[in-house]
file target.cif (mmCIF, C-alpha atoms)
data_data
loop_
_atom_site.label_atom_id
_atom_site.label_comp_id
_atom_site.auth_asym_id
_atom_site.auth_seq_id
_atom_site.Cartn_x
_atom_site.Cartn_y
_atom_site.Cartn_z
CA MET A 1 0.00 0.00 0.00
CA LEU A 2 2.79 2.31 0.98
CA ALA A 3 4.66 1.33 -2.16
CA LEU A 4 1.67 2.07 -4.36
CA LEU A 5 1.16 5.42 -2.68
CA SER A 6 4.78 6.41 -3.11
CA LEU A 7 4.65 5.31 -6.73
CA LEU A 8 1.73 7.62 -7.37
CA ALA A 9 3.38 10.37 -5.33
CA GLY A 10 6.56 10.13 -7.39
CA ALA A 11 4.62 10.18 -10.63
CA ALA A 12 2.59 13.14 -9.46
CA LEU A 13 5.74 14.97 -8.43
CA ALA A 14 7.27 14.41 -11.86
CA LEU A 15 4.11 15.64 -13.52
CA VAL A 16 4.12 18.74 -11.39
CA VAL A 17 7.83 19.51 -11.67
CA ARG A 18 7.99 18.54 -15.34
CA PRO A 19 11.71 17.78 -15.27
CA SER A 20 13.31 18.44 -18.62
CA VAL A 21 15.42 15.60 -19.86
CA SER A 22 17.64 16.22 -22.83
CA PRO A 23 17.49 13.64 -25.60
CA ASP A 24 21.03 12.50 -24.75
CA GLN A 25 20.21 11.83 -21.13
CA SER A 26 16.87 10.39 -22.09
CA ARG A 27 18.54 7.22 -23.36
CA TYR A 28 20.23 6.59 -20.04
CA LEU A 29 17.21 7.53 -18.02
CA ALA A 30 15.11 5.11 -20.04
CA MET A 31 17.45 2.27 -19.16
CA ALA A 32 17.47 3.27 -15.54
CA VAL A 33 13.70 3.30 -15.60
CA VAL A 34 13.53 -0.16 -17.13
CA ALA A 35 15.97 -1.46 -14.51
CA ALA A 36 13.98 0.18 -11.74
CA ILE A 37 10.75 -1.33 -13.02
CA ASP A 38 12.40 -4.72 -13.11
CA SER A 39 13.61 -4.26 -9.55
CA SER A 40 10.13 -3.26 -8.47
CA PHE A 41 8.58 -6.38 -9.95
CA GLY A 42 11.40 -8.43 -8.50
CA GLY A 43 10.61 -6.96 -5.12
CA LEU A 44 6.92 -7.69 -5.55
CA ARG A 45 7.72 -11.25 -6.53
CA ALA A 46 10.07 -11.70 -3.59
CA HIS A 47 7.40 -10.31 -1.35
CA LEU A 48 4.88 -12.80 -2.65
CA GLU A 49 7.42 -15.58 -2.29
CA GLN A 50 8.01 -14.30 1.20
CA THR A 51 11.68 -13.90 0.54
CA PHE A 52 11.65 -10.14 0.55
CA SER A 53 14.63 -8.32 2.02
CA ASP A 54 14.36 -4.57 2.23
CA ARG A 55 18.11 -4.11 2.31
CA LEU A 56 18.70 -6.16 -0.78
CA PHE A 57 15.74 -4.66 -2.54
CA VAL A 58 17.07 -1.15 -2.16
CA LEU A 59 20.59 -2.27 -2.99
CA ALA A 60 19.45 -4.15 -6.10
CA PHE A 61 17.27 -1.25 -7.07
CA VAL A 62 20.18 1.16 -7.02
CA THR A 63 22.82 -1.12 -8.50
CA ASN A 64 20.58 -2.39 -11.26
CA ALA A 65 19.77 1.09 -12.41
CA ALA A 66 23.38 2.18 -12.10
CA VAL A 67 24.69 -0.84 -13.99
CA ALA A 68 22.09 -0.35 -16.70
CA VAL A 69 23.10 3.27 -17.18
CA LEU A 70 26.76 2.37 -17.02
CA LEU A 71 26.32 -0.34 -19.63
CA VAL A 72 24.52 1.96 -22.00
CA TRP A 73 27.17 4.59 -21.47
CA ILE A 74 29.98 2.15 -22.14
CA GLY A 75 28.10 0.92 -25.18
CA ASP A 76 27.87 4.49 -26.44
CA GLN A 77 31.56 5.00 -25.90
CA LEU A 78 32.32 1.82 -27.81
CA SER A 79 29.60 2.60 -30.35
CA ALA A 80 28.02 -0.74 -29.52
CA ASP A 81 24.30 -0.73 -29.00
CA LEU A 82 24.30 -2.09 -25.48
CA ALA A 83 21.10 -0.22 -24.78
CA THR A 84 19.23 -2.87 -26.71
CA ALA A 85 21.02 -5.58 -24.77
CA VAL A 86 20.08 -3.98 -21.48
CA ALA A 87 16.52 -3.49 -22.62
CA VAL A 88 16.25 -7.09 -23.73
CA VAL A 89 17.70 -8.48 -20.52
CA PHE A 90 15.53 -6.39 -18.28
CA GLY A 91 12.53 -6.98 -20.51
CA VAL A 92 12.96 -10.73 -20.17
CA ARG A 93 13.40 -10.41 -16.44
CA ILE A 94 10.32 -8.26 -16.13
CA PHE A 95 8.38 -10.91 -17.96
CA GLN A 96 9.77 -13.58 -15.66
CA ASN A 97 8.99 -11.61 -12.56
CA VAL A 98 5.50 -10.79 -13.73
CA ALA A 99 4.96 -14.45 -14.59
CA ALA A 100 6.10 -15.48 -11.13
CA VAL A 101 3.84 -12.89 -9.55
CA ARG A 102 0.98 -14.10 -11.64
CA ARG A 103 1.55 -17.69 -10.60
CA HIS A 104 1.59 -16.65 -6.98
CA VAL A 105 -1.53 -14.61 -7.28
CA PHE A 106 -3.57 -16.95 -9.38
CA GLY A 107 -1.85 -20.12 -8.29
CA GLY A 108 0.17 -22.02 -10.77
CA MET B 1 4.39 -16.63 -22.95
CA ALA B 2 7.84 -18.02 -23.50
CA GLU B 3 8.99 -16.08 -20.50
CA ALA B 4 6.39 -17.76 -18.42
CA GLU B 5 7.94 -21.05 -19.46
CA TYR B 6 11.31 -19.80 -18.44
CA ALA B 7 9.95 -18.58 -15.22
CA VAL B 8 8.58 -21.90 -14.21
CA PRO B 9 11.90 -23.47 -13.28
CA LEU B 10 12.89 -20.45 -11.31
CA PRO B 11 10.88 -21.05 -8.17
CA PRO B 12 13.00 -24.08 -7.25
CA PRO B 13 16.06 -21.89 -6.65
CA ALA B 14 13.83 -19.86 -4.43
CA ALA B 15 13.03 -22.94 -2.52
CA GLU B 16 16.71 -23.79 -2.12
CA PRO B 17 18.28 -20.43 -1.42
CA ALA B 18 21.75 -21.50 -0.43
CA PRO B 19 22.87 -22.87 -3.86
CA ALA B 20 23.22 -19.36 -5.21
CA PRO B 21 21.58 -19.50 -8.64
CA ALA B 22 22.15 -16.33 -10.54
CA ARG B 23 21.99 -12.55 -10.52
CA ARG B 24 20.35 -10.26 -8.10
CA ARG B 25 17.55 -12.55 -7.26
CA ARG B 26 19.81 -14.88 -5.41
CA PRO B 27 21.21 -12.44 -2.89
CA ARG B 28 17.80 -11.09 -2.29
CA ARG B 29 16.62 -14.47 -1.36
CA SER B 30 19.51 -15.63 0.72
CA PRO B 31 18.99 -12.99 3.37
CA SER B 32 15.40 -14.02 3.43
CA ASP B 33 16.74 -17.19 4.89
CA HIS B 34 18.47 -15.22 7.56
CA THR B 35 15.25 -13.55 8.40
CA GLY B 36 13.83 -16.95 8.42
CA ASP B 37 10.76 -18.11 6.67
CA GLY B 38 8.88 -15.44 8.43
CA GLY B 39 6.05 -15.65 5.96
CA ALA B 40 3.90 -12.57 6.14
CA GLY B 41 6.11 -11.44 8.99
CA ALA B 42 8.94 -10.59 6.63
CA VAL B 43 7.50 -7.30 5.54
CA PRO B 44 6.10 -6.11 8.83
CA ARG B 45 9.45 -6.79 10.41
CA ALA B 46 11.08 -4.20 8.20
CA SER B 47 12.19 -1.18 10.14
CA VAL B 48 10.73 2.26 9.57
CA ALA B 49 13.87 3.42 7.83
CA ALA B 50 13.80 0.43 5.52
CA ARG B 51 10.19 1.01 4.71
CA ALA B 52 10.97 4.64 4.01
CA LEU B 53 13.81 3.60 1.73
CA ILE B 54 11.57 1.20 -0.11
CA ALA B 55 8.91 3.82 -0.46
CA LEU B 56 11.55 6.23 -1.68
CA SER B 57 12.75 3.73 -4.26
CA ILE B 58 9.28 3.01 -5.51
CA GLY B 59 8.56 6.71 -5.56
CA LEU B 60 11.70 7.21 -7.58
CA VAL B 61 10.44 4.65 -10.06
CA GLY B 62 7.21 6.55 -10.40
CA PHE B 63 9.06 9.81 -10.76
CA LEU B 64 11.42 8.47 -13.38
CA VAL B 65 8.67 6.78 -15.34
CA ALA B 66 6.58 9.91 -15.39
CA ALA B 67 9.55 12.09 -16.26
CA GLN B 68 10.72 9.80 -19.01
CA TRP B 69 7.16 9.43 -20.20
CA GLY B 70 6.80 13.13 -20.77
CA THR B 71 10.20 13.60 -22.32
CA SER B 72 9.95 10.58 -24.52
CA HIS B 73 6.78 12.05 -25.90
CA ARG B 74 8.50 15.33 -26.35
CA HIS B 75 11.68 14.00 -27.82
CA THR B 76 10.58 11.00 -29.77
CA GLU B 77 10.68 12.22 -33.29
CA HIS B 78 8.87 10.45 -36.03
CA LEU B 79 12.22 10.24 -37.72
CA ALA B 80 13.22 7.22 -35.71
CA LEU B 81 10.25 5.36 -37.12
CA GLU B 82 10.84 6.33 -40.73
CA SER B 83 12.35 3.88 -43.15
CA GLU B 84 15.69 4.59 -44.71
CA SER B 85 14.22 5.60 -48.05
CA ASP B 86 11.78 7.93 -46.35
CA LEU B 87 14.60 9.45 -44.37
CA THR B 88 16.55 9.96 -47.57
CA ARG B 89 13.55 11.62 -49.11
CA ILE B 90 13.02 13.85 -46.10
CA PHE B 91 16.67 14.74 -46.04
CA ALA B 92 16.65 15.57 -49.73
CA SER B 93 13.57 17.74 -49.42
CA LEU B 94 15.03 19.53 -46.42
CA ASN B 95 18.21 20.09 -48.38
CA GLU B 96 16.19 21.46 -51.24
CA GLN B 97 14.30 23.77 -48.95
CA SER B 98 17.45 25.05 -47.37
CA ALA B 99 19.04 25.63 -50.76
CA ALA B 100 15.95 27.48 -51.93
CA LEU B 101 15.95 29.62 -48.81
CA ARG B 102 19.63 30.35 -49.24
CA ASP B 103 18.97 31.38 -52.82
CA GLU B 104 16.22 33.65 -51.62
CA VAL B 105 18.51 35.20 -49.05
CA SER B 106 21.21 35.96 -51.59
CA GLN B 107 18.69 37.29 -54.05
CA LEU B 108 17.18 39.56 -51.45
CA ARG B 109 20.67 40.71 -50.52
CA LEU B 110 21.34 41.59 -54.15
CA GLU B 111 18.05 43.45 -54.34
CA LEU B 112 18.87 45.28 -51.16
CA SER B 113 22.28 46.39 -52.36
CA ALA B 114 20.82 47.44 -55.72
CA LEU B 115 18.18 49.49 -53.97
CA GLN B 116 20.76 50.96 -51.66
CA SER B 117 23.02 51.99 -54.50
CA SER B 118 20.13 53.44 -56.46
CA ALA B 119 19.03 55.28 -53.34
CA GLU B 120 22.56 56.61 -53.01
CA ARG B 121 22.53 57.67 -56.63
CA ASP B 122 19.21 59.39 -56.11
CA GLN B 123 20.59 61.11 -53.05
CA LEU B 124 23.64 62.29 -54.96
CA ALA B 125 21.50 63.55 -57.82
CA ARG B 126 19.22 65.30 -55.37
CA ASP B 127 22.19 66.94 -53.64
CA ALA B 128 23.61 68.08 -56.96
CA ALA B 129 20.23 69.41 -58.01
CA ASP B 130 19.87 71.22 -54.70
CA ARG B 131 23.26 72.84 -55.11
CA GLN B 132 22.47 73.82 -58.66
CA LEU B 133 19.12 75.20 -57.60
CA SER B 134 20.64 77.39 -54.93
CA ASP B 135 23.33 78.56 -57.35
CA LEU B 136 20.73 79.45 -59.92
CA GLN B 137 18.56 81.14 -57.34
CA ILE B 138 21.47 83.34 -56.33
CA LEU B 139 22.31 84.02 -59.94
CA ALA B 140 18.70 84.91 -60.77
CA GLY B 141 18.44 87.00 -57.62
CA VAL B 142 15.27 85.36 -56.36
CA VAL B 143 16.82 84.68 -52.95
CA ALA B 144 18.71 86.91 -50.57
CA ALA B 145 22.41 86.11 -50.34
CA ARG B 146 25.27 86.74 -48.01
CA GLY B 147 29.03 86.37 -48.16
CA PRO B 148 32.27 88.31 -48.25
CA GLY B 149 32.46 91.13 -50.68
CA VAL B 150 32.83 94.88 -51.09
CA ALA B 151 30.72 97.95 -50.56
CA VAL B 152 31.17 100.89 -52.92
CA HIS B 153 30.04 104.22 -51.57
CA ILE B 154 29.50 107.00 -54.06
CA ALA B 155 28.75 110.49 -52.84
CA ASP B 156 27.37 112.70 -55.60
CA PRO B 157 26.17 115.99 -54.17
CA LYS B 158 26.20 117.72 -57.54
CA GLY B 159 24.15 115.12 -59.36
CA SER B 160 26.70 114.33 -62.02
CA PHE B 161 26.30 110.54 -61.66
CA GLU B 162 24.71 108.85 -64.66
CA PHE B 163 23.05 105.46 -64.99
CA GLN B 164 25.61 104.47 -67.67
CA LEU B 165 28.31 104.87 -65.03
CA LEU B 166 26.35 102.65 -62.70
CA LEU B 167 26.02 100.13 -65.51
CA ASP B 168 29.77 100.30 -66.03
CA LEU B 169 30.34 99.80 -62.33
CA VAL B 170 28.07 96.74 -62.20
CA GLN B 171 29.74 95.42 -65.34
CA GLU B 172 33.12 95.89 -63.74
CA LEU B 173 32.01 94.06 -60.60
CA ARG B 174 30.65 91.15 -62.61
CA ASP B 175 33.83 91.07 -64.58
CA ALA B 176 35.73 90.73 -61.31
CA GLY B 177 33.58 87.79 -60.29
CA ALA B 178 30.81 89.32 -58.27
CA GLU B 179 28.08 86.78 -57.63
CA ALA B 180 25.35 88.98 -56.27
CA ILE B 181 25.01 92.76 -56.53
CA ALA B 182 22.60 95.25 -55.01
CA VAL B 183 22.28 98.98 -55.52
CA ASN B 184 20.83 100.93 -52.63
CA GLY B 185 18.97 97.86 -51.42
CA HIS B 186 17.75 96.85 -54.89
CA ARG B 187 19.05 93.52 -56.09
CA VAL B 188 20.57 93.47 -59.53
CA GLY B 189 19.23 90.36 -61.24
CA GLY B 190 19.56 88.80 -64.63
CA ASN B 191 17.19 91.18 -66.34
CA THR B 192 17.55 94.21 -64.18
CA ALA B 193 17.57 97.43 -66.18
CA PHE B 194 19.12 100.77 -65.30
CA SER B 195 17.78 103.96 -66.71
CA HIS B 196 17.52 107.65 -66.19
CA GLY B 197 14.59 108.92 -64.23
CA ARG B 198 13.42 112.31 -63.15
CA ALA B 199 15.21 112.20 -59.82
CA GLY B 200 18.32 110.60 -61.25
CA VAL B 201 19.13 106.93 -61.68
CA THR B 202 16.48 104.22 -61.60
CA VAL B 203 16.96 100.53 -61.02
CA ASP B 204 14.17 98.41 -62.43
CA GLY B 205 12.11 101.53 -62.60
CA GLN B 206 12.66 102.51 -58.99
CA ALA B 207 14.53 105.70 -58.30
CA VAL B 208 17.69 105.57 -56.27
CA THR B 209 19.34 108.68 -54.94
CA GLN B 210 22.77 109.64 -53.74
CA PRO B 211 24.70 108.70 -51.76
CA TYR B 212 24.74 105.47 -53.68
CA GLU B 213 25.80 102.24 -52.11
CA VAL B 214 26.65 99.30 -54.32
CA LEU B 215 27.08 95.96 -52.54
CA ALA B 216 28.74 93.04 -54.24
CA ILE B 217 29.40 89.50 -53.01
CA GLY B 218 32.56 87.92 -54.28
CA ASP B 219 36.25 87.70 -53.49
CA PRO B 220 36.83 91.10 -51.83
CA ALA B 221 40.42 91.48 -53.04
CA THR B 222 39.60 90.62 -56.62
CA LEU B 223 36.61 92.92 -56.62
CA GLU B 224 38.57 95.79 -55.23
CA VAL B 225 41.40 95.31 -57.68
CA GLY B 226 38.90 95.11 -60.53
CA LEU B 227 37.30 98.33 -59.46
CA LYS B 228 40.58 100.17 -59.03
CA ILE B 229 42.11 99.26 -62.35
CA PRO B 230 43.70 102.43 -63.77
CA GLY B 231 41.14 103.99 -66.02
CA GLY B 232 38.50 101.71 -64.55
CA ALA B 233 35.21 102.41 -62.83
CA VAL B 234 36.60 104.12 -59.76
CA ASP B 235 38.90 106.33 -61.77
CA THR B 236 36.06 107.31 -64.05
CA LEU B 237 33.78 108.13 -61.10
CA ASP B 238 36.49 110.06 -59.32
CA ALA B 239 36.96 112.16 -62.40
CA LEU B 240 33.37 113.39 -62.28
CA ASP B 241 32.53 116.72 -60.84
CA GLY B 242 32.12 116.55 -57.08
CA THR B 243 31.85 112.79 -56.67
CA LYS B 244 33.65 110.83 -54.02
CA VAL B 245 34.10 107.10 -54.28
CA ALA B 246 35.08 104.74 -51.46
CA VAL B 247 35.57 101.01 -51.81
CA GLU B 248 35.33 99.04 -48.58
CA ARG B 249 36.03 95.35 -48.15
CA ARG B 250 33.55 93.50 -45.99
CA SER B 251 33.66 90.02 -44.59
CA ASP B 252 29.89 89.76 -44.51
CA VAL B 253 27.80 91.40 -47.17
CA ARG B 254 24.08 90.81 -47.34
CA VAL B 255 22.09 91.51 -50.47
CA PRO B 256 18.30 91.19 -50.61
CA ALA B 257 16.26 89.24 -53.09
CA LEU B 258 14.70 90.86 -56.13
CA ASP B 259 11.65 92.90 -55.28
CA HIS B 260 9.81 91.37 -58.23
CA PRO B 261 11.19 88.07 -59.43
CA PRO B 262 11.14 87.84 -63.21
CA VAL B 263 8.13 86.14 -64.76
CA PHE B 264 8.76 84.56 -68.13
CA LYS B 265 5.75 84.71 -70.37
CA VAL B 266 7.17 84.12 -73.78
CA ALA B 267 10.42 82.25 -73.41
CA HIS B 268 10.28 78.52 -72.72
CA PRO B 269 13.13 76.14 -72.11
CA LEU B 270 14.12 74.38 -75.31
CA ASP B 271 14.57 71.04 -73.70
#
call {"tool": "encode", "arguments": {"input": "target.cif", "output": "structure tokens"}}
result
Amino acid sequence: MLALLSLLAGAALALVVRPSVSPDQSRYLAMAVVAAIDSSFGGLRAHLEQTFSDRLFVLAFVTNAAVAVLLVWIGDQLSADLATAVAVVFGVRIFQNVAAVRRHVFGG
Amino acid sequence: MAEAEYAVPLPPPAAEPAPAPARRRRPRRSPSDHTGDGGAGAVPRASVAARALIALSIGLVGFLVAAQWGTSHRHTEHLALESESDLTRIFASLNEQSAALRDEVSQLRLELSALQSSAERDQLARDAADRQLSDLQILAGVVAARGPGVAVHIADPKGSFEFQLLLDLVQELRDAGAEAIAVNGHRVGGNTAFSHGRAGVTVDGQAVTQPYEVLAIGDPATLEVGLKIPGGAVDTLDALDGTKVAVERRSDVRVPALDHPPVFKVAHPLD
């Protein structure tokens, strides 16, 4: 409940503040967002599996986002499209997490 | 759906946390062992600070999503979705547009410079015409004039001064380069006539009486020399009975305009 509320609060804040993100930074931010979403679903899944650890959740949340941004940045420096790689990996993981959540919720 | 298939085998590692499967999920689970299989107790056991951190993280997710949402809408150009041939076409048309605009700019520049030069020419012509007009006005005597010159005073108590002598004097002044001449306040213009009236000399039909004062604008030295040529106007006047002539250089001589500017009724410019 708290998580949902803070999610809405953060979204509302962003809508109010309207932070301007330059197109260059937008690429990195997008990856960070994908990583953060993955972490959130991972946390939800862990919670449902009753293996949730707040410490690790926060840690994973931060490191995942940081690593995602770092990877994209390195990919840009090497002119390799690592952004796609990051997106694919986190996309797959989001699917996995959502699937796990679904199984927990609806029984599987 | 394929992911769901992948996901199926994953729960086992969750069941056996110690083996350390892969990635982040493993560490997150292993501490869950330390906390024990607290079940629903796992979350409630979290401290206030931890809950705040979690809330902060989730809030950050919301913030980032919303921020990125807006910007992605703002920044996502259609270009990224266009095919290569479309992009080539767009690029070509943009190039064309820019070339056309550049052409327009240079053409307008040319036009501007042409107009400027023609305006300058017009200005020059107007200035020249103005100068010529003022010269001609002075010459015709239709405007008052001022400048350095001489004043010739002629005292003639015995009335021996004749209009022919005045004509000679004016002629002499013009010869010496006088640009504007007036006799007793009457401008001598292009068709001014001197004659003999009842009271003496008349200028354009108006009587002038002694002492006469002839004003002339021109180079004072030249005028004076011209007047004082041996056997010239001054000598002739001095030789008359009872007349006294004085020539005085002046740095500022003012002569009035003609009382009645000439009106041409018959003569027309040829051009």
call {"tool": "atom_distance", "arguments": {"input": "target.cif", "atom1": "CA of Ala32 in chain A", "atom2": "CA of Trp73 in chain A"}}
result
11.4 Å
call {"tool": "interface_residues", "arguments": {"input": "target.cif", "of": "chain A", "to": "chain B", "cutoff": "9 Å", "atoms": "only C-alpha atoms", "output": "ChimeraX atom specification"}}
result
/A:2-15,17-23,26,29-30,32-34,36-37,40,42-43,46-58,60-62,64,92-93,95-100,103
call {"tool": "residues_around", "arguments": {"input": "target.cif", "residues": "Ala35 in chain A", "least_positions_apart": "6", "cutoff": "7 Å", "atoms": "all atoms listed in the file", "output": "list in words"}}
result
Asn64, Ala65, Ala68 and Phe90 of chain A
call {"tool": "resolve_selection", "arguments": {"input": "target.cif", "expression": "the PyMOL selection byres ((chain B and resi 164-175) around 7)", "output": "PDB file with C-alpha atoms, in the coordinates of the input"}}
result
ATOM      1  CA  PHE B 161      26.300 110.540 -61.660  1.00  0.00           C
ATOM      2  CA  GLU B 162      24.710 108.850 -64.660  1.00  0.00           C
ATOM      3  CA  PHE B 163      23.050 105.460 -64.990  1.00  0.00           C
ATOM      4  CA  ALA B 176      35.730  90.730 -61.310  1.00  0.00           C
ATOM      5  CA  GLY B 177      33.580  87.790 -60.290  1.00  0.00           C
ATOM      6  CA  ALA B 178      30.810  89.320 -58.270  1.00  0.00           C
ATOM      7  CA  PHE B 194      19.120 100.770 -65.300  1.00  0.00           C
ATOM      8  CA  LEU B 223      36.610  92.920 -56.620  1.00  0.00           C
ATOM      9  CA  GLY B 226      38.900  95.110 -60.530  1.00  0.00           C
ATOM     10  CA  LEU B 227      37.300  98.330 -59.460  1.00  0.00           C
ATOM     11  CA  ALA B 233      35.210 102.410 -62.830  1.00  0.00           C
TER      12      ALA B 233
END
call {"tool": "atom_distance", "arguments": {"input": "target.cif", "atom1": "CA of Leu215 in chain B", "atom2": "CA of His186 in chain B"}}
result
9.7 Å
call {"tool": "resolve_selection", "arguments": {"input": "target.cif", "expression": "the PyMOL selection byres ((chain A and resi 72) around 8)", "output": "PyMOL selection string"}}
result
chain A and resi 28+31+68-71+73-76+81-83+86
call {"tool": "atom_distance", "arguments": {"input": "target.cif", "atom1": "CA of Asp252 in chain B", "atom2": "CA of Gly141 in chain B"}}
result
17.6 Å
call {"tool": "residues_around", "arguments": {"input": "target.cif", "residues": "range 142-151 of chain B", "least_positions_apart": "3", "cutoff": "9 Å", "atoms": "all atoms listed in the file", "output": "PyMOL selection string"}}
result
chain B and resi 134+136-139+178+180+187+189+213-221+223-224+246-262
